[in-house]
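> What follows is coords_28.txt; its format and atoms are compact mmCIF, C-alpha atoms.
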```txt
# COMPACT_ATOMS: atom_id res chain seq x y z
CA MET A 1 23.11 65.18 -35.49
CA ALA A 2 22.47 63.26 -32.32
CA THR A 3 24.49 64.76 -29.52
CA ALA A 4 26.51 62.80 -27.02
CA PRO A 5 24.73 62.10 -23.71
CA SER A 6 27.33 63.93 -21.70
CA THR A 7 30.09 66.42 -22.37
CA PHE A 8 32.98 67.87 -20.45
CA GLU A 9 31.81 71.06 -18.79
CA PRO A 10 34.73 73.44 -18.20
CA GLY A 11 34.61 75.77 -15.26
CA PRO A 12 36.77 77.74 -12.94
CA ASP A 13 38.06 74.51 -11.41
CA SER A 14 38.96 72.91 -14.76
CA PHE A 15 42.22 71.00 -14.59
CA VAL A 16 45.06 72.63 -16.50
CA ALA A 17 48.76 71.98 -16.29
CA THR A 18 50.19 75.50 -16.38
CA ASP A 19 53.54 76.31 -17.90
CA THR A 20 54.92 76.93 -14.40
CA TYR A 21 55.01 73.15 -13.93
CA GLU A 22 58.30 71.36 -14.40
CA VAL A 23 58.50 68.41 -16.78
CA GLY A 24 58.30 65.93 -13.92
CA GLU A 25 55.18 67.62 -12.54
CA ARG A 26 53.55 67.51 -15.98
CA MET A 27 54.23 63.79 -16.22
CA SER A 28 52.91 63.27 -12.69
CA ALA A 29 49.64 64.98 -13.60
CA TRP A 30 49.07 62.71 -16.60
CA GLU A 31 50.25 59.65 -14.67
CA ASP A 32 47.72 60.52 -11.97
CA THR A 33 45.04 60.79 -14.68
CA TRP A 34 45.96 57.33 -15.97
CA ARG A 35 45.84 55.89 -12.44
CA ARG A 36 42.40 57.36 -11.90
CA LEU A 37 41.23 56.07 -15.27
CA ARG A 38 42.39 52.55 -14.44
CA ARG A 39 40.16 52.54 -11.36
CA ASN A 40 37.10 53.08 -13.56
CA LYS A 41 36.15 49.55 -14.58
CA LEU A 42 33.56 50.63 -17.16
CA ALA A 43 36.12 52.90 -18.83
CA LEU A 44 38.58 50.00 -19.06
CA VAL A 45 35.88 47.78 -20.55
CA GLY A 46 35.07 50.49 -23.07
CA MET A 47 38.74 50.88 -24.00
CA ALA A 48 39.10 47.11 -24.46
CA ILE A 49 36.07 47.03 -26.78
CA ILE A 50 37.44 49.97 -28.77
CA VAL A 51 40.81 48.22 -29.16
CA ILE A 52 39.03 45.10 -30.46
CA LEU A 53 36.98 47.26 -32.83
CA VAL A 54 40.10 49.00 -34.18
CA ILE A 55 41.86 45.67 -34.70
CA THR A 56 38.78 44.32 -36.48
CA ALA A 57 38.66 47.36 -38.75
CA ILE A 58 42.34 47.01 -39.63
CA VAL A 59 42.08 43.26 -40.27
CA SER A 60 38.95 43.70 -42.43
CA SER A 61 40.90 45.95 -44.80
CA PHE A 62 42.83 42.92 -46.08
CA TRP A 63 40.95 39.83 -44.79
CA THR A 64 37.41 38.72 -44.02
CA PRO A 65 36.04 35.16 -43.82
CA TYR A 66 34.19 35.74 -47.10
CA ASP A 67 34.15 38.51 -49.66
CA VAL A 68 31.81 41.21 -48.33
CA TRP A 69 30.23 41.59 -51.80
CA ARG A 70 29.90 37.89 -52.63
CA GLN A 71 26.29 36.75 -52.83
CA SER A 72 24.57 33.35 -52.82
CA LEU A 73 26.93 31.76 -50.32
CA GLY A 74 23.98 29.69 -49.14
CA PRO A 75 20.22 29.90 -48.59
CA THR A 76 19.05 33.48 -48.16
CA TYR A 77 17.97 34.47 -44.63
CA GLN A 78 19.92 31.51 -43.25
CA GLY A 79 20.40 31.71 -39.48
CA PRO A 80 23.70 31.29 -37.63
CA THR A 81 25.60 28.09 -38.45
CA GLY A 82 29.10 26.78 -37.89
CA LYS A 83 30.13 27.90 -41.35
CA HIS A 84 28.45 31.30 -41.01
CA PRO A 85 28.39 32.21 -37.28
CA PHE A 86 26.12 35.24 -37.79
CA GLY A 87 24.11 33.77 -40.66
CA LEU A 88 23.40 35.09 -44.17
CA ASP A 89 21.40 38.13 -45.27
CA ASP A 90 18.68 38.55 -47.89
CA SER A 91 21.25 38.24 -50.70
CA GLY A 92 23.06 35.25 -49.24
CA ARG A 93 26.05 37.33 -48.07
CA ASP A 94 27.99 36.44 -44.94
CA ILE A 95 26.91 38.80 -42.14
CA LEU A 96 30.12 38.35 -40.12
CA SER A 97 32.24 39.49 -43.07
CA ARG A 98 30.00 42.48 -43.71
CA LEU A 99 29.99 43.31 -40.00
CA MET A 100 33.79 43.47 -40.07
CA GLY A 101 33.69 45.69 -43.15
CA GLY A 102 31.11 47.90 -41.47
CA ALA A 103 33.45 48.31 -38.49
CA GLN A 104 36.04 49.80 -40.83
CA VAL A 105 33.50 52.27 -42.23
CA SER A 106 32.33 53.26 -38.75
CA MET A 107 35.85 53.82 -37.43
CA VAL A 108 36.90 55.86 -40.47
CA VAL A 109 33.79 58.04 -40.19
CA GLY A 110 34.05 58.42 -36.41
CA VAL A 111 37.76 59.20 -36.20
CA GLY A 112 37.73 61.27 -39.40
CA THR A 113 34.81 63.38 -38.22
CA ALA A 114 36.32 63.86 -34.76
CA THR A 115 39.63 64.94 -36.31
CA LEU A 116 38.20 67.36 -38.87
CA SER A 117 35.58 68.87 -36.55
CA SER A 118 38.19 69.24 -33.79
CA ILE A 119 40.55 71.11 -36.13
CA ILE A 120 37.78 73.51 -37.15
CA GLY A 121 36.47 73.96 -33.61
CA ILE A 122 39.89 74.39 -32.01
CA MET A 123 41.04 77.01 -34.52
CA LEU A 124 37.87 79.09 -34.29
CA GLY A 125 37.61 78.66 -30.51
CA LEU A 126 41.19 79.76 -29.93
CA LEU A 127 40.81 82.83 -32.15
CA ALA A 128 37.46 83.84 -30.61
CA GLY A 129 38.59 83.39 -27.02
CA PHE A 130 42.00 84.99 -27.40
CA TYR A 131 41.24 88.05 -29.54
CA ARG A 132 37.64 88.57 -28.39
CA GLY A 133 36.07 91.71 -29.88
CA TRP A 134 34.73 91.41 -33.43
CA VAL A 135 36.40 88.03 -33.91
CA ASP A 136 34.52 86.57 -30.96
CA THR A 137 31.29 88.21 -32.15
CA LEU A 138 31.65 86.75 -35.65
CA VAL A 139 32.47 83.23 -34.45
CA SER A 140 29.66 83.29 -31.87
CA LEU A 141 27.21 84.45 -34.56
CA LEU A 142 28.34 81.63 -36.84
CA ILE A 143 27.87 79.08 -34.05
CA ASN A 144 24.39 80.38 -33.22
CA VAL A 145 23.36 80.28 -36.88
CA PHE A 146 24.49 76.66 -37.27
CA TYR A 147 22.81 75.70 -33.98
CA GLY A 148 19.55 77.07 -35.35
CA LEU A 149 19.67 74.82 -38.43
CA PRO A 150 18.69 71.12 -38.29
CA ASP A 151 21.79 68.94 -38.54
CA LEU A 152 20.09 66.39 -40.76
CA LEU A 153 18.95 69.08 -43.20
CA ILE A 154 22.47 70.46 -43.60
CA VAL A 155 23.97 67.03 -44.22
CA LEU A 156 21.25 66.00 -46.67
CA LEU A 157 21.69 69.24 -48.61
CA ILE A 158 25.44 68.72 -48.88
CA VAL A 159 25.00 65.11 -50.03
CA ALA A 160 22.31 66.15 -52.52
CA VAL A 161 24.32 69.06 -53.94
CA THR A 162 27.60 67.15 -54.33
CA GLN A 163 25.85 64.01 -55.63
CA GLN A 164 28.62 62.05 -53.93
CA ARG A 165 28.21 59.47 -51.17
CA GLY A 166 31.81 58.56 -50.52
CA LEU A 167 33.30 58.44 -47.04
CA GLY A 168 35.13 61.74 -47.58
CA ASN A 169 31.95 63.66 -48.38
CA ILE A 170 30.07 62.04 -45.51
CA ILE A 171 32.84 62.98 -43.06
CA LEU A 172 32.87 66.54 -44.39
CA ALA A 173 29.09 66.83 -44.16
CA ILE A 174 28.94 65.57 -40.56
CA SER A 175 31.95 67.67 -39.52
CA LEU A 176 30.22 70.87 -40.64
CA THR A 177 27.73 70.36 -37.81
CA ALA A 178 29.97 68.57 -35.29
CA TRP A 179 32.49 71.39 -34.72
CA LEU A 180 30.08 73.61 -32.77
CA GLY A 181 30.51 71.96 -29.38
CA MET A 182 34.29 71.88 -29.72
CA ALA A 183 34.41 75.56 -30.68
CA ARG A 184 32.35 76.61 -27.67
CA LEU A 185 34.46 74.49 -25.34
CA VAL A 186 37.80 75.82 -26.64
CA ARG A 187 36.49 79.40 -26.61
CA GLY A 188 35.54 79.10 -22.94
CA GLN A 189 38.87 77.52 -22.03
CA THR A 190 40.78 80.20 -23.94
CA LEU A 191 38.88 83.04 -22.27
CA SER A 192 39.92 81.62 -18.90
CA LEU A 193 43.52 80.75 -19.77
CA ARG A 194 44.35 84.07 -21.48
CA GLU A 195 44.15 85.79 -18.09
CA ARG A 196 46.53 83.37 -16.37
CA GLU A 197 49.90 84.47 -15.08
CA PHE A 198 51.97 82.36 -17.48
CA VAL A 199 50.26 84.01 -20.46
CA GLU A 200 50.95 87.46 -19.02
CA ALA A 201 54.57 86.43 -18.49
CA ALA A 202 54.84 85.29 -22.12
CA ARG A 203 53.42 88.62 -23.30
CA SER A 204 55.82 90.58 -21.11
CA VAL A 205 58.85 89.03 -22.83
CA GLY A 206 57.45 89.80 -26.29
CA THR A 207 56.16 86.36 -27.31
CA ARG A 208 53.99 86.58 -30.42
CA ASP A 209 50.31 85.82 -30.20
CA ARG A 210 50.47 82.68 -32.35
CA TRP A 211 53.16 81.17 -30.13
CA ILE A 212 51.13 81.97 -27.03
CA LEU A 213 48.17 80.15 -28.59
CA VAL A 214 50.18 77.16 -29.80
CA ARG A 215 52.70 76.70 -26.97
CA HIS A 216 50.81 77.92 -23.91
CA ILE A 217 47.01 78.06 -24.24
CA PHE A 218 46.38 75.02 -26.47
CA PRO A 219 48.46 72.52 -24.41
CA ASN A 220 46.72 73.61 -21.21
CA ALA A 221 43.27 73.09 -22.78
CA LEU A 222 44.19 69.69 -24.20
CA GLY A 223 42.48 67.63 -21.49
CA PRO A 224 38.93 68.93 -22.12
CA ILE A 225 39.56 68.83 -25.86
CA ILE A 226 40.41 65.11 -25.72
CA VAL A 227 37.25 64.39 -23.75
CA GLN A 228 35.05 66.35 -26.15
CA ALA A 229 36.62 64.64 -29.19
CA THR A 230 35.96 61.27 -27.58
CA PHE A 231 32.23 62.05 -27.44
CA VAL A 232 32.19 63.25 -31.07
CA ILE A 233 33.24 59.80 -32.35
CA PRO A 234 30.13 57.84 -31.23
CA ALA A 235 27.84 60.69 -32.31
CA ALA A 236 29.39 60.60 -35.80
CA ILE A 237 29.14 56.80 -35.98
CA LEU A 238 25.47 56.96 -35.01
CA PHE A 239 24.75 59.72 -37.52
CA GLU A 240 26.46 57.79 -40.35
CA ALA A 241 24.43 54.70 -39.46
CA PHE A 242 21.27 56.80 -39.52
CA LEU A 243 22.17 58.24 -42.94
CA SER A 244 22.88 54.74 -44.27
CA TYR A 245 19.57 53.54 -42.83
CA LEU A 246 17.82 56.30 -44.79
CA GLY A 247 19.79 55.46 -47.93
CA PHE A 248 22.05 58.53 -47.91
CA GLY A 249 25.17 56.84 -46.54
CA VAL A 250 27.92 55.01 -48.38
CA LYS A 251 27.00 53.50 -51.71
CA PRO A 252 25.89 49.88 -51.68
CA PRO A 253 27.15 47.21 -51.65
CA THR A 254 29.78 48.79 -49.37
CA PRO A 255 28.99 47.36 -45.92
CA SER A 256 27.65 49.77 -43.31
CA TRP A 257 25.95 48.89 -40.05
CA GLY A 258 23.12 51.30 -40.77
CA ALA A 259 22.55 49.90 -44.27
CA MET A 260 22.67 46.35 -42.87
CA ALA A 261 20.01 47.26 -40.31
CA SER A 262 17.89 48.83 -43.04
CA ASP A 263 18.12 45.67 -45.14
CA GLY A 264 17.22 43.53 -42.13
CA PHE A 265 14.20 45.63 -41.18
CA ARG A 266 12.27 44.28 -44.14
CA SER A 267 12.79 40.71 -42.94
CA LEU A 268 12.42 41.32 -39.22
CA GLN A 269 9.58 38.83 -38.69
CA TYR A 270 11.24 35.75 -40.21
CA ALA A 271 14.98 36.59 -40.07
CA PRO A 272 15.54 38.90 -37.06
CA HIS A 273 19.26 38.12 -36.90
CA ILE A 274 19.88 40.30 -39.98
CA ILE A 275 18.91 43.48 -38.11
CA LEU A 276 19.76 42.45 -34.54
CA ILE A 277 23.43 41.72 -35.20
CA PRO A 278 24.43 45.11 -36.73
CA ALA A 279 22.17 46.90 -34.24
CA ALA A 280 23.91 45.12 -31.35
CA ALA A 281 27.34 45.99 -32.80
CA LEU A 282 26.30 49.63 -33.07
CA CYS A 283 24.96 49.75 -29.50
CA ILE A 284 28.07 48.09 -28.03
CA THR A 285 30.35 50.49 -29.92
CA LEU A 286 28.44 53.57 -28.79
CA MET A 287 28.42 52.42 -25.16
CA ALA A 288 32.15 51.66 -25.29
CA PHE A 289 33.02 55.18 -26.48
CA ASN A 290 30.65 56.76 -23.96
CA PHE A 291 32.12 54.68 -21.11
CA MET A 292 35.63 55.75 -22.11
CA GLY A 293 34.54 59.38 -22.49
CA ASP A 294 32.92 59.39 -19.05
CA GLY A 295 36.06 57.83 -17.58
CA LEU A 296 38.30 60.46 -19.17
CA ARG A 297 36.01 63.25 -17.98
CA ASP A 298 36.12 61.99 -14.40
CA ALA A 299 39.88 61.39 -14.51
CA LEU A 300 40.56 64.92 -15.77
CA ASP A 301 38.08 66.63 -13.43
CA PRO A 302 40.03 68.33 -10.60
CA ARG A 303 37.05 68.07 -8.25
CA MET A 304 37.51 64.28 -8.23
CA ARG A 305 41.01 64.73 -6.78
CA ARG A 306 39.77 66.36 -3.60
```
Can you turn what I pasted into structure tokens?

Amino acid sequence: MATAPSTFEPGPDSFVATDTYEVGERMSAWEDTWRRLRRNKLALVGMAIIVILVITAIVSSFWTPYDVWRQSLGPTYQGPTGKHPFGLDDSGRDILSRLMGGAQVSMVVGVGTATLSSIIGIMLGLLAGFYRGWVDTLVSLLINVFYGLPDLLIVLLIVAVTQQRGLGNIILAISLTAWLGMARLVRGQTLSLREREFVEAARSVGTRDRWILVRHIFPNALGPIIVQATFVIPAAILFEAFLSYLGFGVKPPTPSWGAMASDGFRSLQYAPHIILIPAAALCITLMAFNFMGDGLRDALDPRMRR
């Protein structure tokens, strides 16, 4: 799977809000992060685009200008008109309506993959970093094995074996390769946080390991986790579009930006709008998530506060 262009790199200076902070100090830290994020104009632009995309995906679930499956609405390959602002495709379907439906597919895949891969990566990363020993060895071996396998091969094998191309199976297939970066990040954060004074204090009063993980270590690693999850979303959207372009994505005629681009490639010379419009939507979406991810990374980086 295509990796995000930049990731949050934890280090000894990584920002964490330790449990020694009072509630007011915790709020001040996150308020300071929001103030710093607001000064990043590109991040704000990215957030605005994402909000529009989410609204479009929600609206498309119950309304589109035309039925996304309806064909022969006009001459095939028709260019943009007042009635069809983005034109018609090779089957006479309204591209604007299908673009809205594709936004829903992209958001479901992106958010679903980020959620599932984050759950897997966080659980394994916490266990490996906290218990170390054979647990850390086993998790690290599993990560190295998956890193040595081509992402596309794993996903294609899962799709071929299950013989299912629904959104659930696609999310599961992509998540099985997307959790690696999250697991390594959480493992590194946990290795650092487990030696902090507030963890030692929790141990000294007899707090159980699972409560130390859930109530102390996980909340203090939340900032880097949010940043990493933000970069997983565009990578998953791009991978789903690539699978749909190859014909392994959602079943047609369900709209997908990758499938729309694949359909438009055959008519590129005489109807370029069919491929350019979904390609532009995909590029804008990826840039928006990357802008927001970069803004969050900078806002949560303690070195930027100096």
> Mind checking which residues fall within 9 Å of Pro278 (chain A), counting all atoms listed in the file, ignoring those fewer than 3 positions away in the same chain, and posting them as a ChimeraX atom specification?
/A:95,99,102,256-258,260-261,273-275,281-283
> In Å to one decimal, how far is CA of Glu197 (chain A) from CA of Ile212 (chain A)?
12.3 Å
> Between A:Ile225, A:Phe265, A:Leu167, A:Tyr245, which has the minimum distance to Val108 (chain A) (counting only C-alpha atoms)?
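Ranked by minimum distance to Val108 (chain A), first place goes to A:Leu167.
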> Give me the residues near region 79-94 of chain A as a VMD selection string, where near means some atom within 10 Å (using all atoms listed in the file) and where sequence neighbours in that chain fewer than 3 positions away do not count.
chain A and resid 64 to 76 97 to 99 260 263 to 264 266 to 267 271 to 275 277
> What is the distance, in Å and to one decimal place, between CA of Val232 (chain A) and CA of Asp151 (chain A)?
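Separation of CA of Val232 (chain A) and CA of Asp151 (chain A): 14.0 Å.
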> Name the residues, using the chain letters and numbers of the file, that sit within 7 Å of (34.0, 63.1, -35.9) when counting only C-alpha atoms, and give them as a JSON list (two decimals) with C-alpha atoms, keeping the file's coordinate frame.

```
[["chain", "number", "residue", "atom", "x", "y", "z"],
["A", 109, "VAL", "CA", 33.79, 58.04, -40.19],
["A", 110, "GLY", "CA", 34.05, 58.42, -36.41],
["A", 111, "VAL", "CA", 37.76, 59.20, -36.20],
["A", 112, "GLY", "CA", 37.73, 61.27, -39.40],
["A", 113, "THR", "CA", 34.81, 63.38, -38.22],
["A", 114, "ALA", "CA", 36.32, 63.86, -34.76],
["A", 115, "THR", "CA", 39.63, 64.94, -36.31],
["A", 116, "LEU", "CA", 38.20, 67.36, -38.87],
["A", 117, "SER", "CA", 35.58, 68.87, -36.55],
["A", 175, "SER", "CA", 31.95, 67.67, -39.52],
["A", 178, "ALA", "CA", 29.97, 68.57, -35.29],
["A", 232, "VAL", "CA", 32.19, 63.25, -31.07],
["A", 233, "ILE", "CA", 33.24, 59.80, -32.35],
["A", 236, "ALA", "CA", 29.39, 60.60, -35.80]]
```
> Hey, can I get the axis-aligned box for region 272-290 of chain A? All listed atoms, 6 Å padding on each side, centre and edge lengths in Å to one decimal, as JSON.

```
{"center_x": 24.3, "center_y": 47.4, "center_z": -32.0, "size_x": 29.5, "size_y": 30.6, "size_z": 28.0}
```
> Got a minute to add N, CA and C atoms to region 138-166 of chain A and dump it as a JSON list (two decimals), in the coordinates of the input?

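The result, stored in selection27.json:
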```json
[["chain", "number", "residue", "atom", "x", "y", "z"],
["A", 138, "LEU", "N", 31.88, 87.44, -34.38],
["A", 138, "LEU", "CA", 31.65, 86.75, -35.65],
["A", 138, "LEU", "C", 31.56, 85.25, -35.46],
["A", 139, "VAL", "N", 32.49, 84.68, -34.68],
["A", 139, "VAL", "CA", 32.47, 83.23, -34.45],
["A", 139, "VAL", "C", 31.22, 82.83, -33.67],
["A", 140, "SER", "N", 30.85, 83.60, -32.65],
["A", 140, "SER", "CA", 29.66, 83.29, -31.87],
["A", 140, "SER", "C", 28.40, 83.36, -32.73],
["A", 141, "LEU", "N", 28.35, 84.34, -33.64],
["A", 141, "LEU", "CA", 27.21, 84.45, -34.56],
["A", 141, "LEU", "C", 27.14, 83.23, -35.47],
["A", 142, "LEU", "N", 28.29, 82.80, -35.97],
["A", 142, "LEU", "CA", 28.34, 81.63, -36.84],
["A", 142, "LEU", "C", 27.87, 80.38, -36.09],
["A", 143, "ILE", "N", 28.29, 80.24, -34.85],
["A", 143, "ILE", "CA", 27.87, 79.08, -34.05],
["A", 143, "ILE", "C", 26.37, 79.11, -33.81],
["A", 144, "ASN", "N", 25.83, 80.27, -33.47],
["A", 144, "ASN", "CA", 24.39, 80.38, -33.22],
["A", 144, "ASN", "C", 23.57, 80.11, -34.47],
["A", 145, "VAL", "N", 24.08, 80.54, -35.63],
["A", 145, "VAL", "CA", 23.36, 80.28, -36.88],
["A", 145, "VAL", "C", 23.32, 78.78, -37.16],
["A", 146, "PHE", "N", 24.45, 78.10, -37.01],
["A", 146, "PHE", "CA", 24.49, 76.66, -37.27],
["A", 146, "PHE", "C", 23.66, 75.89, -36.25],
["A", 147, "TYR", "N", 23.64, 76.36, -34.99],
["A", 147, "TYR", "CA", 22.81, 75.70, -33.98],
["A", 147, "TYR", "C", 21.33, 75.83, -34.31],
["A", 148, "GLY", "N", 20.95, 76.88, -35.02],
["A", 148, "GLY", "CA", 19.55, 77.07, -35.35],
["A", 148, "GLY", "C", 19.08, 76.27, -36.55],
["A", 149, "LEU", "N", 20.03, 75.62, -37.26],
["A", 149, "LEU", "CA", 19.67, 74.82, -38.43],
["A", 149, "LEU", "C", 19.67, 73.34, -38.07],
["A", 150, "PRO", "N", 18.71, 72.57, -38.57],
["A", 150, "PRO", "CA", 18.69, 71.12, -38.29],
["A", 150, "PRO", "C", 19.92, 70.44, -38.89],
["A", 151, "ASP", "N", 20.59, 69.62, -38.08],
["A", 151, "ASP", "CA", 21.79, 68.94, -38.54],
["A", 151, "ASP", "C", 21.51, 68.06, -39.74],
["A", 152, "LEU", "N", 20.41, 67.31, -39.67],
["A", 152, "LEU", "CA", 20.09, 66.39, -40.76],
["A", 152, "LEU", "C", 19.86, 67.13, -42.06],
["A", 153, "LEU", "N", 19.21, 68.30, -42.00],
["A", 153, "LEU", "CA", 18.95, 69.08, -43.20],
["A", 153, "LEU", "C", 20.24, 69.54, -43.85],
["A", 154, "ILE", "N", 21.20, 70.00, -43.06],
["A", 154, "ILE", "CA", 22.47, 70.46, -43.60],
["A", 154, "ILE", "C", 23.20, 69.32, -44.30],
["A", 155, "VAL", "N", 23.26, 68.17, -43.64],
["A", 155, "VAL", "CA", 23.97, 67.03, -44.22],
["A", 155, "VAL", "C", 23.29, 66.54, -45.49],
["A", 156, "LEU", "N", 21.97, 66.45, -45.48],
["A", 156, "LEU", "CA", 21.25, 66.00, -46.67],
["A", 156, "LEU", "C", 21.44, 66.96, -47.83],
["A", 157, "LEU", "N", 21.47, 68.26, -47.55],
["A", 157, "LEU", "CA", 21.69, 69.24, -48.61],
["A", 157, "LEU", "C", 23.08, 69.09, -49.22],
["A", 158, "ILE", "N", 24.07, 68.88, -48.37],
["A", 158, "ILE", "CA", 25.44, 68.72, -48.88],
["A", 158, "ILE", "C", 25.55, 67.46, -49.74],
["A", 159, "VAL", "N", 24.96, 66.36, -49.26],
["A", 159, "VAL", "CA", 25.00, 65.11, -50.03],
["A", 159, "VAL", "C", 24.25, 65.27, -51.34],
["A", 160, "ALA", "N", 23.10, 65.98, -51.30],
["A", 160, "ALA", "CA", 22.31, 66.15, -52.52],
["A", 160, "ALA", "C", 23.00, 67.06, -53.52],
["A", 161, "VAL", "N", 23.66, 68.11, -53.04],
["A", 161, "VAL", "CA", 24.32, 69.06, -53.94],
["A", 161, "VAL", "C", 25.55, 68.43, -54.59],
["A", 162, "THR", "N", 26.37, 67.74, -53.79],
["A", 162, "THR", "CA", 27.60, 67.15, -54.33],
["A", 162, "THR", "C", 27.33, 65.90, -55.14],
["A", 163, "GLN", "N", 26.18, 65.26, -54.93],
["A", 163, "GLN", "CA", 25.85, 64.01, -55.63],
["A", 163, "GLN", "C", 26.91, 62.95, -55.41],
["A", 164, "GLN", "N", 27.59, 63.01, -54.26],
["A", 164, "GLN", "CA", 28.62, 62.05, -53.93],
["A", 164, "GLN", "C", 28.30, 61.46, -52.55],
["A", 165, "ARG", "N", 28.49, 60.14, -52.45],
["A", 165, "ARG", "CA", 28.21, 59.47, -51.17],
["A", 165, "ARG", "C", 29.42, 58.70, -50.68],
["A", 166, "GLY", "N", 30.60, 59.19, -51.02],
["A", 166, "GLY", "CA", 31.81, 58.56, -50.52],
["A", 166, "GLY", "C", 32.06, 58.92, -49.07]]
```
